[in-house]
Structures are given as C-alpha cells and as structure tokens.
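Worksheet for the structure shown next.
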Amino acid sequence: MARMEPTEMQEFSKQMKEGGEESLTSISLAISILAVLVAMVTVVGHRTHTEAVLMQGKATDTWNEYQAKKIRMESLSVVVDQMALQPNVDAKATAAKLAEYKAHIAKWNDDLKKETDTAKEYEEKVEQAEAKAVRFDIGEALLQISVVLSSITLFTRRRSFFFGGLLLGAVGLAVAASAYLIH
C-alpha cells in the first residue's frame with residue numbers, strides 16, 4: 001500500500017494553503033496524525049513478530065537439549081542393562097559403576113521434566129506473541145486504509161471520506177491496542 005512520505009505531506013499541505021484551501025488544514029493534520037499512528041503500530045508489530053521468532057528459537061534450543069539428554073540417557077540405560085547381564089570380575093566395582101550410571105539416569109530424568117516445562121513455556125510465549133502480532137498487523141492495515149480514505153477528502157472535498165477514515169482509524173487503533181490484552 002502506498003504511503004505519503006512526511007515531506008510529501010508537508011509539500012501538499014503547503015500547496016493547499018497557497019491555493020486558498022485553509023479549511024483543509026485540520027484534515028491534513030489529522031491525516032498526518034493517522035500516518036504517525038500507522039508508523040507506531042508498524043514498529044510495535046515488527047517487534048512483536050521478532051519476539052515470536054526469538055521465543056521459537058529458544059523453544060527449539062530447549063527441545064534440542066532435551067533430545068540430546070534423552071539420547072544420552074537411553075544409551076546409558078542400554079549400558080546398564082548390558083552390565084547387569086554380563087559376568088563380572090569385580091562385583092563391587094561393577095555395582096559402584098551401575099549406581100553411578102543409575103544416578104546419572106535419574107538426574108537426566110529430572111532434567112528432562114524441567115526442560116519439557118521450559119520448552120512449553122517458550123511455546124506459549126510464541127503463541128502469545130503471534131496472537132499479538134496478528135492484532136497489530138490488522139490494526140496497521142486498518143490505519144493505512146484510514147489514511148488513504150481520509151486523503152480522498154483532500155481531492156473530493158467530501159468530508160464523508162474523512163469521517164469514514166477517522167472511524168476506520170479508530171477501529172484500527174482499538175484492534176492494535178487490544179493486543180495488549182493478550183496474556
């Protein structure tokens with residue numbers, strides 16, 4: 001969607017004043033404010049998308065750590081089983097080694113539970129950030145449309161476009177603000 005740059009808006013406003021269109025100054029100002037709101041919602045939306053990506057990376061890293069520990073734990077379990085089936089020369093040394101391995105397995109079991117919880121927390125944060133980002137995106141789109149709709153007033157001199165644009169801008173701002181209600 002095409003947007004007017006701030007310098008273009010100022011130049012257009014200046015041309016309007018020179019052309020005897022002082023009455024449209026307030027409309028031009030409102031359009032400028034809507035454009036600023038578009039920029040603000042856009043920035044917050046992009047930051048929210050970035051937050052979702054970063055949280056997804058953390059969740060993935062945590063699941064990778066989970067998988068690595070799970071593999072080590074499974075491998076060590078096989079070794080424990082094999083040691084129990086094999087005849088041994090030193091029963092005390094074998095029992096000590098088995099106890100050591102079983103302690104590692106027990107610790108990894110606890111670690112796996114913690115990592116599962118941590119990964120799920122990150123995944124919940126991803127879902128929240130994505131839900132917020134959708135609302136910011138919709139709010140941004142509505143605000144952009146409101147700028148365009150309001151700008152039509154400058155060409156047609158019909159204030160209905162301006163009021164429709166303001167109404168749509170208010171809806172867009174409300175949708176974007178509703179993102180902060182997601183927890």
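Labels used: A, B, ... for chains in the order of the structure tokens, numbers from 1 for residues in each chain, and numbers from 1 for ligands as shown.
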For A:Thr153, work out the shell of residues within 12 Å, counting only C-alpha atoms and skipping chain neighbours fewer than 5 positions away, then give it as a list in words.
Ser23, Leu24, Thr25, Ser26, Ile27, Ser28, Ala30, Ile31, Ser146, Val147, Val148, Arg158, Arg159, Ser160, Phe161, Phe162, Phe163, Gly164, Gly165 and Leu166 of chain A
Could you please take those selected residues and save N, CA and C atoms as a PDB file, in the first residue's frame?
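Okay, part.pdb is ready:
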ATOM      1  N   SER A  23      -9.204  25.707   4.866  1.00  0.00           N
ATOM      2  CA  SER A  23     -10.162  24.923   5.642  1.00  0.00           C
ATOM      3  C   SER A  23      -9.769  23.453   5.735  1.00  0.00           C
ATOM      4  N   LEU A  24      -8.901  22.993   4.843  1.00  0.00           N
ATOM      5  CA  LEU A  24      -8.496  21.591   4.862  1.00  0.00           C
ATOM      6  C   LEU A  24      -7.250  21.343   5.712  1.00  0.00           C
ATOM      7  N   THR A  25      -6.759  22.377   6.368  1.00  0.00           N
ATOM      8  CA  THR A  25      -5.572  22.235   7.200  1.00  0.00           C
ATOM      9  C   THR A  25      -5.802  21.230   8.332  1.00  0.00           C
ATOM     10  N   SER A  26      -6.966  21.306   8.969  1.00  0.00           N
ATOM     11  CA  SER A  26      -7.241  20.377  10.077  1.00  0.00           C
ATOM     12  C   SER A  26      -7.334  18.947   9.564  1.00  0.00           C
ATOM     13  N   ILE A  27      -7.865  18.769   8.365  1.00  0.00           N
ATOM     14  CA  ILE A  27      -7.938  17.431   7.778  1.00  0.00           C
ATOM     15  C   ILE A  27      -6.529  16.922   7.482  1.00  0.00           C
ATOM     16  N   SER A  28      -5.695  17.787   6.946  1.00  0.00           N
ATOM     17  CA  SER A  28      -4.302  17.408   6.666  1.00  0.00           C
ATOM     18  C   SER A  28      -3.573  17.032   7.945  1.00  0.00           C
ATOM     19  N   ALA A  30      -4.957  15.856  10.699  1.00  0.00           N
ATOM     20  CA  ALA A  30      -5.491  14.568  11.158  1.00  0.00           C
ATOM     21  C   ALA A  30      -4.892  13.424  10.345  1.00  0.00           C
ATOM     22  N   ILE A  31      -4.742  13.616   9.055  1.00  0.00           N
ATOM     23  CA  ILE A  31      -4.140  12.586   8.205  1.00  0.00           C
ATOM     24  C   ILE A  31      -2.691  12.344   8.628  1.00  0.00           C
ATOM     25  N   SER A 146      -7.303   3.903   6.551  1.00  0.00           N
ATOM     26  CA  SER A 146      -7.904   5.153   7.038  1.00  0.00           C
ATOM     27  C   SER A 146      -7.157   6.370   6.513  1.00  0.00           C
ATOM     28  N   VAL A 147      -5.837   6.275   6.394  1.00  0.00           N
ATOM     29  CA  VAL A 147      -5.053   7.386   5.840  1.00  0.00           C
ATOM     30  C   VAL A 147      -5.463   7.626   4.387  1.00  0.00           C
ATOM     31  N   VAL A 148      -5.559   6.551   3.634  1.00  0.00           N
ATOM     32  CA  VAL A 148      -5.935   6.684   2.223  1.00  0.00           C
ATOM     33  C   VAL A 148      -7.350   7.233   2.095  1.00  0.00           C
ATOM     34  N   ARG A 158     -15.200  16.025  -0.054  1.00  0.00           N
ATOM     35  CA  ARG A 158     -16.336  15.389   0.613  1.00  0.00           C
ATOM     36  C   ARG A 158     -15.869  14.903   1.977  1.00  0.00           C
ATOM     37  N   ARG A 159     -16.422  15.488   3.001  1.00  0.00           N
ATOM     38  CA  ARG A 159     -15.994  15.176   4.367  1.00  0.00           C
ATOM     39  C   ARG A 159     -16.423  13.781   4.810  1.00  0.00           C
ATOM     40  N   SER A 160     -17.328  13.148   4.103  1.00  0.00           N
ATOM     41  CA  SER A 160     -17.743  11.795   4.476  1.00  0.00           C
ATOM     42  C   SER A 160     -16.561  10.825   4.397  1.00  0.00           C
ATOM     43  N   PHE A 161     -15.660  11.046   3.441  1.00  0.00           N
ATOM     44  CA  PHE A 161     -14.461  10.210   3.354  1.00  0.00           C
ATOM     45  C   PHE A 161     -13.582  10.425   4.590  1.00  0.00           C
ATOM     46  N   PHE A 162     -13.496  11.674   5.020  1.00  0.00           N
ATOM     47  CA  PHE A 162     -12.673  11.998   6.190  1.00  0.00           C
ATOM     48  C   PHE A 162     -13.235  11.322   7.437  1.00  0.00           C
ATOM     49  N   PHE A 163     -14.538  11.459   7.644  1.00  0.00           N
ATOM     50  CA  PHE A 163     -15.133  10.869   8.840  1.00  0.00           C
ATOM     51  C   PHE A 163     -15.088   9.340   8.777  1.00  0.00           C
ATOM     52  N   GLY A 164     -15.279   8.784   7.600  1.00  0.00           N
ATOM     53  CA  GLY A 164     -15.138   7.333   7.436  1.00  0.00           C
ATOM     54  C   GLY A 164     -13.717   6.895   7.732  1.00  0.00           C
ATOM     55  N   GLY A 165     -12.739   7.682   7.264  1.00  0.00           N
ATOM     56  CA  GLY A 165     -11.332   7.378   7.547  1.00  0.00           C
ATOM     57  C   GLY A 165     -11.019   7.460   9.028  1.00  0.00           C
ATOM     58  N   LEU A 166     -11.552   8.485   9.687  1.00  0.00           N
ATOM     59  CA  LEU A 166     -11.329   8.616  11.133  1.00  0.00           C
ATOM     60  C   LEU A 166     -11.950   7.445  11.885  1.00  0.00           C
TER      61      LEU A 166
END
With a distance cut-off of 8 Å and only C-alpha atoms, select the neighbouring residues of A:His49, excluding the residue or stretch itself and same-chain residues fewer than 6 positions from it, and output the selection as an NGL selection string.
:A and (129-130 or 133)
With C-alpha atoms retained, write the just-selected residues as a PDB file, in the first residue's frame.
ATOM      1  CA  ALA A 129       3.431 -13.049  20.615  1.00  0.00           C
ATOM      2  CA  GLU A 130       1.929 -14.355  17.375  1.00  0.00           C
ATOM      3  CA  ALA A 133       1.327  -9.619  16.149  1.00  0.00           C
TER       4      ALA A 133
END
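Computed from the coordinates, the atom CA of A:Tyr66 to atom CA of A:Ala52 distance equals 20.8 Å.
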Write out as a PyMOL selection string which residues come within 8 Å of stretch 36-41 of chain A when counting only C-alpha atoms, dropping same-chain ones fewer than 6 positions away.
chain A and resi 136-137+139-140+143-144+173+176
Kindly export the residues of the current selection with N, CA and C atoms, as a PDB file, in the first residue's frame.
ATOM      1  N   PHE A 136      -1.735  -6.451  15.813  1.00  0.00           N
ATOM      2  CA  PHE A 136      -1.005  -5.267  15.343  1.00  0.00           C
ATOM      3  C   PHE A 136      -1.058  -5.160  13.819  1.00  0.00           C
ATOM      4  N   ASP A 137      -0.940  -6.291  13.133  1.00  0.00           N
ATOM      5  CA  ASP A 137      -0.998  -6.283  11.674  1.00  0.00           C
ATOM      6  C   ASP A 137      -2.359  -5.802  11.171  1.00  0.00           C
ATOM      7  N   GLY A 139      -4.515  -3.963  12.862  1.00  0.00           N
ATOM      8  CA  GLY A 139      -4.605  -2.542  13.219  1.00  0.00           C
ATOM      9  C   GLY A 139      -3.832  -1.668  12.250  1.00  0.00           C
ATOM     10  N   GLU A 140      -2.646  -2.123  11.874  1.00  0.00           N
ATOM     11  CA  GLU A 140      -1.826  -1.378  10.913  1.00  0.00           C
ATOM     12  C   GLU A 140      -2.548  -1.251   9.576  1.00  0.00           C
ATOM     13  N   LEU A 143      -5.403   1.206   9.827  1.00  0.00           N
ATOM     14  CA  LEU A 143      -4.894   2.578   9.904  1.00  0.00           C
ATOM     15  C   LEU A 143      -4.390   3.059   8.541  1.00  0.00           C
ATOM     16  N   GLN A 144      -3.729   2.196   7.800  1.00  0.00           N
ATOM     17  CA  GLN A 144      -3.264   2.580   6.465  1.00  0.00           C
ATOM     18  C   GLN A 144      -4.451   2.898   5.556  1.00  0.00           C
ATOM     19  N   LEU A 173      -6.903   1.458  15.543  1.00  0.00           N
ATOM     20  CA  LEU A 173      -6.169   1.735  16.782  1.00  0.00           C
ATOM     21  C   LEU A 173      -6.685   0.845  17.921  1.00  0.00           C
ATOM     22  N   ALA A 176      -5.339  -2.688  17.386  1.00  0.00           N
ATOM     23  CA  ALA A 176      -3.912  -2.750  17.746  1.00  0.00           C
ATOM     24  C   ALA A 176      -3.753  -2.692  19.265  1.00  0.00           C
TER      25      ALA A 176
END
Near-A:Thr118 list (12 Å; only C-alpha atoms; drop same-chain fewer than 2 positions) as a PyMOL selection string:
chain A and resi 55-56+58-63+65-66+111-116+120-125
Output file for the residues above (C-alpha atoms, as a JSON list (two decimals), in the first residue's frame):
[["chain", "number", "residue", "atom", "x", "y", "z"],
["A", 55, "MET", "CA", 10.97, -17.31, 21.60],
["A", 56, "GLN", "CA", 10.60, -20.00, 18.93],
["A", 58, "LYS", "CA", 14.62, -20.63, 22.50],
["A", 59, "ALA", "CA", 11.94, -23.32, 22.44],
["A", 60, "THR", "CA", 13.79, -25.14, 19.66],
["A", 61, "ASP", "CA", 17.09, -24.92, 21.54],
["A", 62, "THR", "CA", 15.45, -26.29, 24.68],
["A", 63, "TRP", "CA", 13.89, -29.18, 22.77],
["A", 65, "GLU", "CA", 18.86, -30.06, 24.69],
["A", 66, "TYR", "CA", 16.02, -32.33, 25.77],
["A", 111, "ASP", "CA", 16.36, -32.52, 33.78],
["A", 112, "LEU", "CA", 14.06, -33.79, 31.03],
["A", 113, "LYS", "CA", 10.98, -32.84, 33.05],
["A", 114, "LYS", "CA", 12.36, -29.34, 33.66],
["A", 115, "GLU", "CA", 13.34, -28.87, 30.02],
["A", 116, "THR", "CA", 9.92, -30.03, 28.86],
["A", 120, "LYS", "CA", 6.39, -25.49, 26.71],
["A", 121, "GLU", "CA", 6.63, -22.08, 28.41],
["A", 122, "TYR", "CA", 8.57, -20.73, 25.43],
["A", 123, "GLU", "CA", 5.99, -22.22, 23.07],
["A", 124, "GLU", "CA", 3.20, -20.47, 25.00],
["A", 125, "LYS", "CA", 5.11, -17.19, 24.69]]
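Our summary of the geometry notes that atom CA of A:Ala106 is positioned 10.5 Å from atom CA of A:Ser77.
With distances taken over only C-alpha atoms, A:Lys107 is the one residue among A:Lys107, A:Lys97, A:Lys92, A:Arg47 lying closest to A:Lys70.
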Measure the distance from atom CA of A:Asp117 to atom CA of A:Leu76 in Å and round it to one decimal.
23.4 Å
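Using only C-alpha atoms, the smallest distance between any of A:Ile138, A:Thr156, A:Val89, A:His183 and A:Thr42 comes from A:Ile138.
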